[in-house]
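Shown next, in structure tokens, is the structure this report addresses.
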Amino acid sequence: IFNLSEDGELYNLSNFAQFTISLTTMPVVEETEPMDRRVEFFEADSLLEVILQYNPQVDTFIDIEPHFVAFNNQSWSESKLVSITAVNDDMFNAKQLSIEIAVIIATLDARYAQLNIDPIWIYLWDDDIPLIEPEERDMFALDARLLNAIIIIGALCSCFCLLYARGRYRKYIEWRQHHELKFDQLQPEDLVADHSSSDFELDS
């Protein structure tokens, strides 16, 4: 398991890692091995090859060199070095990207051919920031819905208030017409006279 950061600084993680592949014993190939069981190697003199198999899209995120290592009669005791380097781009892919690399052994030696090796896992942390986080997009969408609802409710309230005011005004006009009141034509002297007559009648 390797934890890498894209820029080599995020979470104090490096963007580079290495591991070695080595054999404990020399692979043995029987000369009497049937031809239909022969293995196709990348290199003609190989006795055993370890192939790192993964999705081709992984090359967008990391560089793995080499993709396979070969062991022959002369090099079987040597350790093979594999390097992994994160690709630092300006694109946000995922906060954490999980990459699985399968380890395939190609050989005619039954001791190695029967080995079941666990896959290699690489966890790549992206230092790029998305333009809009999913939570922010949801928040903006919610605000837009609330704003539309507020506008609709405000328009309905305005219409209701306008209709109510018009109804009250019509009732007021009808009341004035019914009682034939013309307040704008009354003179101050008329008001004084009315009050005097009222007081006189009360005194008598």
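Every chain in the structure tokens takes a letter, A first, then B, and so on in the order presented; its residues are numbered from 1, and the ligands are numbered from 1 following the presented order.
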Long-range neighbours of Asp45 in chain A as a PDB file with N, CA and C atoms, in the first residue's frame, 9 Å cut-off, only C-alpha atoms, 2 positions minimum in chain:
```pdb
ATOM      1  N   PHE A  41       6.725 -14.783 -23.207  1.00  0.00           N
ATOM      2  CA  PHE A  41       7.414 -13.773 -22.427  1.00  0.00           C
ATOM      3  C   PHE A  41       7.647 -12.520 -23.262  1.00  0.00           C
ATOM      4  N   GLU A  43      10.492 -10.969 -23.015  1.00  0.00           N
ATOM      5  CA  GLU A  43      11.884 -11.136 -23.395  1.00  0.00           C
ATOM      6  C   GLU A  43      12.152 -12.623 -23.646  1.00  0.00           C
ATOM      7  N   LEU A  47      13.114 -16.484 -17.699  1.00  0.00           N
ATOM      8  CA  LEU A  47      12.631 -17.659 -16.986  1.00  0.00           C
ATOM      9  C   LEU A  47      11.366 -17.335 -16.181  1.00  0.00           C
ATOM     10  N   ALA A  70      11.825  -8.801 -15.726  1.00  0.00           N
ATOM     11  CA  ALA A  70      12.149 -10.139 -16.224  1.00  0.00           C
ATOM     12  C   ALA A  70      13.367 -10.690 -15.487  1.00  0.00           C
ATOM     13  N   PHE A  71      13.321 -11.993 -15.223  1.00  0.00           N
ATOM     14  CA  PHE A  71      14.448 -12.696 -14.595  1.00  0.00           C
ATOM     15  C   PHE A  71      14.900 -13.815 -15.530  1.00  0.00           C
ATOM     16  N   ASN A  72      16.220 -13.888 -15.770  1.00  0.00           N
ATOM     17  CA  ASN A  72      16.771 -14.961 -16.608  1.00  0.00           C
ATOM     18  C   ASN A  72      17.867 -15.694 -15.836  1.00  0.00           C
ATOM     19  N   ASN A  73      18.621 -16.500 -16.524  1.00  0.00           N
ATOM     20  CA  ASN A  73      19.658 -17.299 -15.856  1.00  0.00           C
ATOM     21  C   ASN A  73      20.706 -16.438 -15.155  1.00  0.00           C
TER      22      ASN A  73
END
```
Problem set entry | Tyr54 in chain A environment, 7 Å, only C-alpha atoms, sequence neighbours closer than 2 positions dropped, as number ranges by chain | A: 52, 56, 100-102
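Counting only C-alpha atoms, range 124-127 of chain A has the following residues at most 6 Å away, ignoring those fewer than 6 positions along the same chain: Leu4, Ser5, Glu6, Lys95, Gln96 and Leu97 of chain A.
With only C-alpha atoms as the basis for measurement, A:Ile99 is the residue among A:Leu13, A:Cys157, A:Ile151, A:Ile99 that approaches Gln57 in chain A most closely.
Our summary of the geometry notes that CA of Asp118 in chain A is positioned 23.4 Å from CA of Thr60 in chain A.
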